[in-house]
Number of protein chains: 2
Amino acid sequence: MNYYGTQVTALIEELKRLPGIGPKSAQRLAFHIISMPQEHVDHLAHTLVEAREKIRYCKYCCTITDSEVCPICSSQKRDHSTIMVVEHTQDLAAYEKTGQYNGVYHVLQGTLVPSLGKGPDQIRFKELMDRIEHADQDRPVKEIILATNSSLDGEATAMYITKVLKPTGIKITRIASGVPIGGELEYIDEVTLSRALDRRIEL
Amino acid sequence: MNYYGTQVTALIEELKRLPGIGPKSAQRLAFHIISMPQEHVDHLAHTLVEAREKIRYCKYCCTITDSEVCPICSSQKRDHSTIMVVEHTQDLAAYEKTGQYNGVYHVLQGTLVPSLGKGPDQIRFKELMDRIEHADQDRPVKEIILATNSSLDGEATAMYITKVLKPTGIKITRIASGVPIGGELEYIDEVTLSRALDRRIEL
């Protein structure tokens with residue numbers, strides 16, 4: 001039975017579709033939202049739509065940003081000859097928080113998923129190849145650091161990129177095994193991330 | 001530093017203000033939302049605003065609903081001489097799920113909070129008094145079942161209502177102590193709730 005009326009029930013159903021929100025959390029959130037001042041709810045709704053509408057990907061590294069070129073790719077203080085390849089923007093943020101990395105990034109926006117047939121065309125891999133091929137002659141790419149997760153798919157992605165890029169002669173490294181097996185990069189503490197970067201090995 | 005651009009950062013900040021959503025959950029939700037199709041995000045935003053705008057309280061029992069009188073108060077199949085007093089609409093829903101209760105409800109929309117000086121004027125208590133005083137002579141209120149939580153504030157509220165209503169001569173009962181001390185009604189299993197109802201004691 002519909003105890004809460006049509007609108008509140010619809011809201012609970014919508015919230016339940018979000019990741020990590022179960023039926024009880026959805027109910028709790030819904031009751032919180034309807035108890036908020038109307039203008040706060042309007043603002044939340046506007047922020048949702050605005051974030052989705054204005055989302056852009058940096059034309060170089062493919063990270064989520066709000067300008068054509070992200071602040072890191074625009075910076076002259078960064079070492080543009082070293083590119084760290086990560087799965088998601090969250091992973092970039094995690095490495096930035098260590099303060100130990102001065103190169104630039106490439107955000108694949110996913111990984112290969114061999115078990116589901118998800119291939120290189122479905123991630124931002126072509127954009128990485130383009131960056132390497134069209135790098136300015138006065139600042140060529142010297143090192144690619146593979147920092148995909150140590151999950152099955154992350155490892156498969158690192159192996160694939162190594163295989164494709166090896167013939168270019170560019171140094172290819174993988175972050176060290178300080179990263180726990182099966183762990184998600186974005187949840188790892190900064191010391192572990194820094195150590196994994198320091199101990200990276202050439203492939 | 002703002003790694004995600006203004007809009008995504010603003011969205012994360014908004015989501016962090018919701019109950020039970022920490023920084024990591026907010027980030028995860030935000031990235032999920034910006035990866036949703038635009039029309040799904042628009043729909044979610046619309047549902048939020050609509051739920052807040054259209055929220056109404058039943059003119060009799062004060063539960064959250066979408067009509068002037070809620071389905072339970074409108075029903076001729078319910079026993080209108082027995083009123084169960086609960087804190088929130090979620091508690092009403094929890095008792096409805098047991099299928100063991102055929103009376104009606106009164107939803108206080110909160111409790112007294114003696115420690116913060118929150119008194120009877122700040123909950124829907126006057127509405128309960130009005131219902132009792134203005135009940136049809138051919139169907140008077142015969143029993144008030146107090147089903148506030150067994151927390152300090154819930155107990156204080158039950159005691160207060162007992163004290164005020166005792167002189168009316170209406171039978172006043174409290175749900176049995178099957179409800180665990182300190183527990184929140186909405187999270188308790190249906191068997192325990194049913195037992196607490198069966199074993200209610202007269203105060």
# chains A, B, ... in the order shown; residues from 1 in each chain; ligands from 1
>>> calpha_fit_and_write(fixed="chain B", moving="chain A", output="PDB file with C-alpha atoms, in the first residue's frame")
ATOM      1  CA  MET A   1      41.929  22.171  -4.990  1.00  0.00           C
ATOM      2  CA  ASN A   2      38.895  21.858  -7.180  1.00  0.00           C
ATOM      3  CA  TYR A   3      39.657  18.753  -9.269  1.00  0.00           C
ATOM      4  CA  TYR A   4      36.199  18.293 -10.741  1.00  0.00           C
ATOM      5  CA  GLY A   5      35.171  21.761 -11.850  1.00  0.00           C
ATOM      6  CA  THR A   6      32.687  24.080 -10.176  1.00  0.00           C
ATOM      7  CA  GLN A   7      29.433  22.238 -10.934  1.00  0.00           C
ATOM      8  CA  VAL A   8      30.470  18.772  -9.831  1.00  0.00           C
ATOM      9  CA  THR A   9      32.082  20.183  -6.678  1.00  0.00           C
ATOM     10  CA  ALA A  10      28.871  22.093  -5.909  1.00  0.00           C
ATOM     11  CA  LEU A  11      26.870  18.897  -6.372  1.00  0.00           C
ATOM     12  CA  ILE A  12      29.152  16.952  -4.014  1.00  0.00           C
ATOM     13  CA  GLU A  13      28.759  19.707  -1.391  1.00  0.00           C
ATOM     14  CA  GLU A  14      24.950  19.636  -1.717  1.00  0.00           C
ATOM     15  CA  LEU A  15      24.796  15.844  -1.404  1.00  0.00           C
ATOM     16  CA  LYS A  16      27.069  15.879   1.676  1.00  0.00           C
ATOM     17  CA  ARG A  17      24.420  17.897   3.486  1.00  0.00           C
ATOM     18  CA  LEU A  18      21.911  15.036   3.286  1.00  0.00           C
ATOM     19  CA  PRO A  19      21.637  12.684   6.279  1.00  0.00           C
ATOM     20  CA  GLY A  20      23.812   9.566   6.133  1.00  0.00           C
ATOM     21  CA  ILE A  21      25.778  10.807   3.095  1.00  0.00           C
ATOM     22  CA  GLY A  22      29.493  11.229   3.886  1.00  0.00           C
ATOM     23  CA  PRO A  23      32.162  12.753   1.618  1.00  0.00           C
ATOM     24  CA  LYS A  24      32.910   9.459  -0.167  1.00  0.00           C
ATOM     25  CA  SER A  25      29.240   8.603  -0.740  1.00  0.00           C
ATOM     26  CA  ALA A  26      28.582  12.145  -1.975  1.00  0.00           C
ATOM     27  CA  GLN A  27      31.430  11.847  -4.476  1.00  0.00           C
ATOM     28  CA  ARG A  28      30.239   8.460  -5.655  1.00  0.00           C
ATOM     29  CA  LEU A  29      26.640   9.674  -6.033  1.00  0.00           C
ATOM     30  CA  ALA A  30      27.752  12.820  -7.856  1.00  0.00           C
ATOM     31  CA  PHE A  31      29.792  10.832 -10.374  1.00  0.00           C
ATOM     32  CA  HIS A  32      26.892   8.469 -10.863  1.00  0.00           C
ATOM     33  CA  ILE A  33      24.498  11.367 -11.463  1.00  0.00           C
ATOM     34  CA  ILE A  34      26.680  13.084 -14.066  1.00  0.00           C
ATOM     35  CA  SER A  35      26.980   9.770 -15.905  1.00  0.00           C
ATOM     36  CA  MET A  36      23.185   9.323 -16.047  1.00  0.00           C
ATOM     37  CA  PRO A  37      21.282  10.318 -19.211  1.00  0.00           C
ATOM     38  CA  GLN A  38      20.250  13.972 -19.007  1.00  0.00           C
ATOM     39  CA  GLU A  39      16.541  13.106 -19.021  1.00  0.00           C
ATOM     40  CA  HIS A  40      16.937  10.821 -15.993  1.00  0.00           C
ATOM     41  CA  VAL A  41      18.629  13.613 -14.061  1.00  0.00           C
ATOM     42  CA  ASP A  42      15.878  16.037 -15.079  1.00  0.00           C
ATOM     43  CA  HIS A  43      13.291  13.528 -13.887  1.00  0.00           C
ATOM     44  CA  LEU A  44      15.045  13.020 -10.541  1.00  0.00           C
ATOM     45  CA  ALA A  45      15.245  16.789 -10.023  1.00  0.00           C
ATOM     46  CA  HIS A  46      11.576  17.210 -10.942  1.00  0.00           C
ATOM     47  CA  THR A  47      10.571  14.431  -8.533  1.00  0.00           C
ATOM     48  CA  LEU A  48      12.444  16.121  -5.677  1.00  0.00           C
ATOM     49  CA  VAL A  49      10.748  19.464  -6.235  1.00  0.00           C
ATOM     50  CA  GLU A  50       7.335  17.921  -6.843  1.00  0.00           C
ATOM     51  CA  ALA A  51       7.475  15.813  -3.666  1.00  0.00           C
ATOM     52  CA  ARG A  52       8.380  18.867  -1.596  1.00  0.00           C
ATOM     53  CA  GLU A  53       5.788  21.120  -3.217  1.00  0.00           C
ATOM     54  CA  LYS A  54       2.885  18.712  -3.040  1.00  0.00           C
ATOM     55  CA  ILE A  55       3.433  17.428   0.481  1.00  0.00           C
ATOM     56  CA  ARG A  56       0.288  17.566   2.614  1.00  0.00           C
ATOM     57  CA  TYR A  57      -0.701  16.402   6.066  1.00  0.00           C
ATOM     58  CA  CYS A  58      -3.968  14.528   6.608  1.00  0.00           C
ATOM     59  CA  LYS A  59      -6.404  16.936   8.283  1.00  0.00           C
ATOM     60  CA  TYR A  60      -7.289  14.271  10.845  1.00  0.00           C
ATOM     61  CA  CYS A  61      -4.230  12.152  11.664  1.00  0.00           C
ATOM     62  CA  CYS A  62      -1.491  14.528  10.366  1.00  0.00           C
ATOM     63  CA  THR A  63       0.278  11.804   8.375  1.00  0.00           C
ATOM     64  CA  ILE A  64       2.071  12.732   5.158  1.00  0.00           C
ATOM     65  CA  THR A  65      -0.235  12.132   2.227  1.00  0.00           C
ATOM     66  CA  ASP A  66      -1.328  13.646  -1.070  1.00  0.00           C
ATOM     67  CA  SER A  67      -4.976  14.326  -0.343  1.00  0.00           C
ATOM     68  CA  GLU A  68      -6.903  16.298   2.262  1.00  0.00           C
ATOM     69  CA  VAL A  69      -7.758  13.112   4.168  1.00  0.00           C
ATOM     70  CA  CYS A  70      -5.431  10.101   4.080  1.00  0.00           C
ATOM     71  CA  PRO A  71      -6.631   6.677   2.844  1.00  0.00           C
ATOM     72  CA  ILE A  72      -6.705   5.250   6.390  1.00  0.00           C
ATOM     73  CA  CYS A  73      -8.774   8.091   7.867  1.00  0.00           C
ATOM     74  CA  SER A  74     -11.136   7.901   4.847  1.00  0.00           C
ATOM     75  CA  SER A  75     -11.669   4.163   5.189  1.00  0.00           C
ATOM     76  CA  GLN A  76     -14.945   2.888   6.591  1.00  0.00           C
ATOM     77  CA  LYS A  77     -13.316  -0.490   7.219  1.00  0.00           C
ATOM     78  CA  ARG A  78     -11.064   0.885   9.948  1.00  0.00           C
ATOM     79  CA  ASP A  79     -12.015   1.146  13.603  1.00  0.00           C
ATOM     80  CA  HIS A  80     -12.103   4.897  14.216  1.00  0.00           C
ATOM     81  CA  SER A  81     -12.565   4.462  17.964  1.00  0.00           C
ATOM     82  CA  THR A  82      -8.961   3.296  18.425  1.00  0.00           C
ATOM     83  CA  ILE A  83      -6.146   5.731  17.724  1.00  0.00           C
ATOM     84  CA  MET A  84      -2.510   4.670  17.679  1.00  0.00           C
ATOM     85  CA  VAL A  85      -0.208   7.609  18.369  1.00  0.00           C
ATOM     86  CA  VAL A  86       3.132   7.407  16.532  1.00  0.00           C
ATOM     87  CA  GLU A  87       6.002   9.823  16.014  1.00  0.00           C
ATOM     88  CA  HIS A  88       6.359   9.681  12.227  1.00  0.00           C
ATOM     89  CA  THR A  89       4.634   8.462   9.071  1.00  0.00           C
ATOM     90  CA  GLN A  90       7.355   5.801   8.760  1.00  0.00           C
ATOM     91  CA  ASP A  91       6.117   4.294  12.057  1.00  0.00           C
ATOM     92  CA  LEU A  92       2.562   4.180  10.698  1.00  0.00           C
ATOM     93  CA  ALA A  93       3.917   2.361   7.637  1.00  0.00           C
ATOM     94  CA  ALA A  94       5.780  -0.102   9.861  1.00  0.00           C
ATOM     95  CA  TYR A  95       2.566  -0.968  11.770  1.00  0.00           C
ATOM     96  CA  GLU A  96       0.546  -1.185   8.560  1.00  0.00           C
ATOM     97  CA  LYS A  97       2.991  -3.775   7.245  1.00  0.00           C
ATOM     98  CA  THR A  98       2.202  -6.067  10.193  1.00  0.00           C
ATOM     99  CA  GLY A  99      -1.411  -6.295   8.970  1.00  0.00           C
ATOM    100  CA  GLN A 100      -2.375  -6.709  12.658  1.00  0.00           C
ATOM    101  CA  TYR A 101      -3.859  -3.293  13.345  1.00  0.00           C
ATOM    102  CA  ASN A 102      -7.279  -2.143  12.194  1.00  0.00           C
ATOM    103  CA  GLY A 103      -7.625   1.141  14.076  1.00  0.00           C
ATOM    104  CA  VAL A 104      -6.553   4.571  12.912  1.00  0.00           C
ATOM    105  CA  TYR A 105      -3.425   6.604  13.701  1.00  0.00           C
ATOM    106  CA  HIS A 106      -2.275   9.955  14.919  1.00  0.00           C
ATOM    107  CA  VAL A 107       1.125  11.078  13.683  1.00  0.00           C
ATOM    108  CA  LEU A 108       2.763  13.564  16.044  1.00  0.00           C
ATOM    109  CA  GLN A 109       5.466  14.485  13.486  1.00  0.00           C
ATOM    110  CA  GLY A 110       8.034  14.413  16.269  1.00  0.00           C
ATOM    111  CA  THR A 111       8.280  14.060  20.037  1.00  0.00           C
ATOM    112  CA  LEU A 112       8.674  16.297  23.005  1.00  0.00           C
ATOM    113  CA  VAL A 113      12.390  16.915  23.533  1.00  0.00           C
ATOM    114  CA  PRO A 114      12.593  18.057  27.157  1.00  0.00           C
ATOM    115  CA  SER A 115      16.382  18.500  26.965  1.00  0.00           C
ATOM    116  CA  LEU A 116      15.969  21.090  24.162  1.00  0.00           C
ATOM    117  CA  GLY A 117      12.796  22.653  25.493  1.00  0.00           C
ATOM    118  CA  LYS A 118      10.707  21.280  22.600  1.00  0.00           C
ATOM    119  CA  GLY A 119       7.169  21.222  23.931  1.00  0.00           C
ATOM    120  CA  PRO A 120       3.690  20.023  22.916  1.00  0.00           C
ATOM    121  CA  ASP A 121       3.083  23.093  20.715  1.00  0.00           C
ATOM    122  CA  GLN A 122       5.880  21.941  18.412  1.00  0.00           C
ATOM    123  CA  ILE A 123       4.339  18.558  17.627  1.00  0.00           C
ATOM    124  CA  ARG A 124       0.859  17.645  16.327  1.00  0.00           C
ATOM    125  CA  PHE A 125      -0.570  17.210  19.824  1.00  0.00           C
ATOM    126  CA  LYS A 126      -3.259  19.894  19.694  1.00  0.00           C
ATOM    127  CA  GLU A 127      -4.666  18.099  16.632  1.00  0.00           C
ATOM    128  CA  LEU A 128      -4.976  14.901  18.712  1.00  0.00           C
ATOM    129  CA  MET A 129      -6.858  16.759  21.436  1.00  0.00           C
ATOM    130  CA  ASP A 130      -9.173  18.278  18.809  1.00  0.00           C
ATOM    131  CA  ARG A 131      -9.910  14.838  17.355  1.00  0.00           C
ATOM    132  CA  ILE A 132     -10.846  13.468  20.753  1.00  0.00           C
ATOM    133  CA  GLU A 133     -12.968  16.483  21.735  1.00  0.00           C
ATOM    134  CA  HIS A 134     -14.778  16.765  18.413  1.00  0.00           C
ATOM    135  CA  ALA A 135     -15.272  13.054  17.711  1.00  0.00           C
ATOM    136  CA  ASP A 136     -18.762  12.196  16.442  1.00  0.00           C
ATOM    137  CA  GLN A 137     -21.033  11.237  19.348  1.00  0.00           C
ATOM    138  CA  ASP A 138     -21.948   8.030  17.510  1.00  0.00           C
ATOM    139  CA  ARG A 139     -18.309   6.975  17.223  1.00  0.00           C
ATOM    140  CA  PRO A 140     -16.362   8.303  20.213  1.00  0.00           C
ATOM    141  CA  VAL A 141     -12.685   7.566  20.808  1.00  0.00           C
ATOM    142  CA  LYS A 142     -12.413   4.554  23.114  1.00  0.00           C
ATOM    143  CA  GLU A 143      -8.708   3.819  23.211  1.00  0.00           C
ATOM    144  CA  ILE A 144      -5.452   5.659  22.634  1.00  0.00           C
ATOM    145  CA  ILE A 145      -2.486   3.360  21.987  1.00  0.00           C
ATOM    146  CA  LEU A 146       0.807   5.126  22.614  1.00  0.00           C
ATOM    147  CA  ALA A 147       3.359   3.781  20.137  1.00  0.00           C
ATOM    148  CA  THR A 148       6.080   6.391  20.365  1.00  0.00           C
ATOM    149  CA  ASN A 149       9.639   5.033  20.361  1.00  0.00           C
ATOM    150  CA  SER A 150      11.101   3.609  23.557  1.00  0.00           C
ATOM    151  CA  SER A 151      13.748   6.334  23.549  1.00  0.00           C
ATOM    152  CA  LEU A 152      13.993   8.974  26.286  1.00  0.00           C
ATOM    153  CA  ASP A 153      12.024  11.496  24.231  1.00  0.00           C
ATOM    154  CA  GLY A 154       9.485   8.914  23.080  1.00  0.00           C
ATOM    155  CA  GLU A 155       8.862   7.834  26.685  1.00  0.00           C
ATOM    156  CA  ALA A 156       8.591  11.450  27.851  1.00  0.00           C
ATOM    157  CA  THR A 157       6.024  12.070  25.108  1.00  0.00           C
ATOM    158  CA  ALA A 158       4.001   8.994  26.117  1.00  0.00           C
ATOM    159  CA  MET A 159       4.065  10.094  29.757  1.00  0.00           C
ATOM    160  CA  TYR A 160       2.957  13.605  28.860  1.00  0.00           C
ATOM    161  CA  ILE A 161       0.050  12.405  26.721  1.00  0.00           C
ATOM    162  CA  THR A 162      -1.033   9.966  29.467  1.00  0.00           C
ATOM    163  CA  LYS A 163      -1.040  12.765  32.032  1.00  0.00           C
ATOM    164  CA  VAL A 164      -3.092  15.105  29.834  1.00  0.00           C
ATOM    165  CA  LEU A 165      -5.593  12.497  28.593  1.00  0.00           C
ATOM    166  CA  LYS A 166      -6.098  10.520  31.834  1.00  0.00           C
ATOM    167  CA  PRO A 167      -8.880  12.890  33.056  1.00  0.00           C
ATOM    168  CA  THR A 168     -10.928  12.211  29.883  1.00  0.00           C
ATOM    169  CA  GLY A 169     -11.496   8.628  31.036  1.00  0.00           C
ATOM    170  CA  ILE A 170     -10.441   7.228  27.651  1.00  0.00           C
ATOM    171  CA  LYS A 171      -8.497   3.960  27.903  1.00  0.00           C
ATOM    172  CA  ILE A 172      -4.808   4.720  27.343  1.00  0.00           C
ATOM    173  CA  THR A 173      -2.391   1.905  26.524  1.00  0.00           C
ATOM    174  CA  ARG A 174       1.309   1.695  25.738  1.00  0.00           C
ATOM    175  CA  ILE A 175       2.707  -0.890  23.312  1.00  0.00           C
ATOM    176  CA  ALA A 176       4.426  -3.688  25.218  1.00  0.00           C
ATOM    177  CA  SER A 177       8.117  -3.791  25.967  1.00  0.00           C
ATOM    178  CA  GLY A 178       8.720  -6.195  23.099  1.00  0.00           C
ATOM    179  CA  VAL A 179      10.135  -3.134  21.437  1.00  0.00           C
ATOM    180  CA  PRO A 180      13.846  -3.034  22.311  1.00  0.00           C
ATOM    181  CA  ILE A 181      14.944  -0.174  24.536  1.00  0.00           C
ATOM    182  CA  GLY A 182      16.590   2.567  22.482  1.00  0.00           C
ATOM    183  CA  GLY A 183      15.306   1.063  19.240  1.00  0.00           C
ATOM    184  CA  GLU A 184      13.736   3.026  16.412  1.00  0.00           C
ATOM    185  CA  LEU A 185      10.236   1.756  15.556  1.00  0.00           C
ATOM    186  CA  GLU A 186      10.710   1.928  11.816  1.00  0.00           C
ATOM    187  CA  TYR A 187      13.586  -0.578  11.876  1.00  0.00           C
ATOM    188  CA  ILE A 188      11.910  -3.284  13.949  1.00  0.00           C
ATOM    189  CA  ASP A 189      10.703  -6.531  12.396  1.00  0.00           C
ATOM    190  CA  GLU A 190       7.002  -7.165  11.945  1.00  0.00           C
ATOM    191  CA  VAL A 191       6.735 -10.060  14.416  1.00  0.00           C
ATOM    192  CA  THR A 192       8.166  -7.947  17.239  1.00  0.00           C
ATOM    193  CA  LEU A 193       5.849  -5.079  16.358  1.00  0.00           C
ATOM    194  CA  SER A 194       2.832  -7.413  16.333  1.00  0.00           C
ATOM    195  CA  ARG A 195       3.772  -8.884  19.706  1.00  0.00           C
ATOM    196  CA  ALA A 196       4.264  -5.441  21.197  1.00  0.00           C
ATOM    197  CA  LEU A 197       0.757  -4.548  20.030  1.00  0.00           C
ATOM    198  CA  ASP A 198      -0.841  -7.754  21.405  1.00  0.00           C
ATOM    199  CA  ARG A 199       0.748  -7.327  24.820  1.00  0.00           C
ATOM    200  CA  ARG A 200      -0.001  -3.651  25.228  1.00  0.00           C
ATOM    201  CA  ILE A 201      -0.747  -2.668  28.821  1.00  0.00           C
ATOM    202  CA  GLU A 202      -3.212  -0.171  30.217  1.00  0.00           C
ATOM    203  CA  LEU A 203      -1.605   2.860  31.858  1.00  0.00           C
TER     204      LEU A 203
END
>>> select_by_dssp(residues="range 28-156 of chain A", states="strand (DSSP E or B)", output="PyMOL selection string")
chain A and resi 56-57+64-65+79-86+103-107+113+118+143-146
>>> decode(residues="range 84-94 of chain B", atoms="all heavy atoms", output="PDB file, in the first residue's frame")
ATOM      1  N   MET B  84      -3.910   4.950  17.295  1.00  0.00           N
ATOM      2  CA  MET B  84      -2.523   4.676  17.682  1.00  0.00           C
ATOM      3  C   MET B  84      -1.697   5.940  17.441  1.00  0.00           C
ATOM      4  O   MET B  84      -1.659   6.461  16.324  1.00  0.00           O
ATOM      5  CB  MET B  84      -1.937   3.527  16.860  1.00  0.00           C
ATOM      6  CG  MET B  84      -0.493   3.227  17.243  1.00  0.00           C
ATOM      7  SD  MET B  84       0.296   2.007  16.180  1.00  0.00           S
ATOM      8  CE  MET B  84      -0.439   0.507  16.796  1.00  0.00           C
ATOM      9  N   VAL B  85      -1.025   6.406  18.480  1.00  0.00           N
ATOM     10  CA  VAL B  85      -0.219   7.628  18.375  1.00  0.00           C
ATOM     11  C   VAL B  85       1.226   7.244  18.068  1.00  0.00           C
ATOM     12  O   VAL B  85       1.857   6.514  18.841  1.00  0.00           O
ATOM     13  CB  VAL B  85      -0.295   8.429  19.693  1.00  0.00           C
ATOM     14  CG1 VAL B  85       0.585   9.682  19.603  1.00  0.00           C
ATOM     15  CG2 VAL B  85      -1.734   8.807  20.003  1.00  0.00           C
ATOM     16  N   VAL B  86       1.744   7.699  16.923  1.00  0.00           N
ATOM     17  CA  VAL B  86       3.130   7.421  16.544  1.00  0.00           C
ATOM     18  C   VAL B  86       3.867   8.729  16.305  1.00  0.00           C
ATOM     19  O   VAL B  86       3.253   9.795  16.200  1.00  0.00           O
ATOM     20  CB  VAL B  86       3.209   6.533  15.279  1.00  0.00           C
ATOM     21  CG1 VAL B  86       2.631   5.145  15.530  1.00  0.00           C
ATOM     22  CG2 VAL B  86       2.520   7.201  14.092  1.00  0.00           C
ATOM     23  N   GLU B  87       5.193   8.618  16.220  1.00  0.00           N
ATOM     24  CA  GLU B  87       5.992   9.834  16.029  1.00  0.00           C
ATOM     25  C   GLU B  87       5.969  10.304  14.573  1.00  0.00           C
ATOM     26  O   GLU B  87       5.805  11.485  14.299  1.00  0.00           O
ATOM     27  CB  GLU B  87       7.439   9.578  16.462  1.00  0.00           C
ATOM     28  CG  GLU B  87       7.570   9.253  17.944  1.00  0.00           C
ATOM     29  CD  GLU B  87       9.008   8.966  18.362  1.00  0.00           C
ATOM     30  OE1 GLU B  87       9.943   9.216  17.575  1.00  0.00           O
ATOM     31  OE2 GLU B  87       9.199   8.473  19.490  1.00  0.00           O
ATOM     32  N   HIS B  88       6.188   9.327  13.646  1.00  0.00           N
ATOM     33  CA  HIS B  88       6.376   9.697  12.242  1.00  0.00           C
ATOM     34  C   HIS B  88       5.566   8.788  11.317  1.00  0.00           C
ATOM     35  O   HIS B  88       5.194   7.672  11.690  1.00  0.00           O
ATOM     36  CB  HIS B  88       7.856   9.589  11.865  1.00  0.00           C
ATOM     37  CG  HIS B  88       8.728  10.497  12.662  1.00  0.00           C
ATOM     38  ND1 HIS B  88       8.726  11.853  12.493  1.00  0.00           N
ATOM     39  CD2 HIS B  88       9.609  10.239  13.659  1.00  0.00           C
ATOM     40  CE1 HIS B  88       9.586  12.404  13.344  1.00  0.00           C
ATOM     41  NE2 HIS B  88      10.131  11.446  14.074  1.00  0.00           N
ATOM     42  N   THR B  89       5.353   9.270  10.100  1.00  0.00           N
ATOM     43  CA  THR B  89       4.645   8.484   9.089  1.00  0.00           C
ATOM     44  C   THR B  89       5.337   7.137   8.847  1.00  0.00           C
ATOM     45  O   THR B  89       4.684   6.128   8.596  1.00  0.00           O
ATOM     46  CB  THR B  89       4.536   9.295   7.787  1.00  0.00           C
ATOM     47  OG1 THR B  89       3.754  10.465   8.047  1.00  0.00           O
ATOM     48  CG2 THR B  89       3.868   8.491   6.683  1.00  0.00           C
ATOM     49  N   GLN B  90       6.669   7.098   8.949  1.00  0.00           N
ATOM     50  CA  GLN B  90       7.376   5.830   8.779  1.00  0.00           C
ATOM     51  C   GLN B  90       6.919   4.788   9.802  1.00  0.00           C
ATOM     52  O   GLN B  90       6.927   3.590   9.532  1.00  0.00           O
ATOM     53  CB  GLN B  90       8.886   6.007   8.965  1.00  0.00           C
ATOM     54  CG  GLN B  90       9.564   6.900   7.942  1.00  0.00           C
ATOM     55  CD  GLN B  90       9.707   8.324   8.413  1.00  0.00           C
ATOM     56  OE1 GLN B  90       8.715   8.980   8.775  1.00  0.00           O
ATOM     57  NE2 GLN B  90      10.916   8.845   8.395  1.00  0.00           N
ATOM     58  N   ASP B  91       6.565   5.241  11.007  1.00  0.00           N
ATOM     59  CA  ASP B  91       6.136   4.315  12.053  1.00  0.00           C
ATOM     60  C   ASP B  91       4.749   3.768  11.728  1.00  0.00           C
ATOM     61  O   ASP B  91       4.469   2.587  11.943  1.00  0.00           O
ATOM     62  CB  ASP B  91       6.129   5.029  13.412  1.00  0.00           C
ATOM     63  CG  ASP B  91       7.488   5.649  13.730  1.00  0.00           C
ATOM     64  OD1 ASP B  91       8.509   5.055  13.338  1.00  0.00           O
ATOM     65  OD2 ASP B  91       7.518   6.713  14.351  1.00  0.00           O
ATOM     66  N   LEU B  92       3.895   4.637  11.196  1.00  0.00           N
ATOM     67  CA  LEU B  92       2.578   4.205  10.712  1.00  0.00           C
ATOM     68  C   LEU B  92       2.778   3.111   9.649  1.00  0.00           C
ATOM     69  O   LEU B  92       2.160   2.048   9.713  1.00  0.00           O
ATOM     70  CB  LEU B  92       1.857   5.420  10.128  1.00  0.00           C
ATOM     71  CG  LEU B  92       0.514   5.265   9.410  1.00  0.00           C
ATOM     72  CD1 LEU B  92      -0.218   6.617   9.398  1.00  0.00           C
ATOM     73  CD2 LEU B  92       0.673   4.803   7.970  1.00  0.00           C
ATOM     74  N   ALA B  93       3.681   3.371   8.716  1.00  0.00           N
ATOM     75  CA  ALA B  93       3.926   2.402   7.640  1.00  0.00           C
ATOM     76  C   ALA B  93       4.419   1.080   8.222  1.00  0.00           C
ATOM     77  O   ALA B  93       4.020  -0.006   7.770  1.00  0.00           O
ATOM     78  CB  ALA B  93       4.946   2.962   6.647  1.00  0.00           C
ATOM     79  N   ALA B  94       5.284   1.157   9.243  1.00  0.00           N
ATOM     80  CA  ALA B  94       5.808  -0.068   9.856  1.00  0.00           C
ATOM     81  C   ALA B  94       4.673  -0.880  10.476  1.00  0.00           C
ATOM     82  O   ALA B  94       4.607  -2.104  10.311  1.00  0.00           O
ATOM     83  CB  ALA B  94       6.851   0.292  10.918  1.00  0.00           C
TER      84      ALA B  94
END
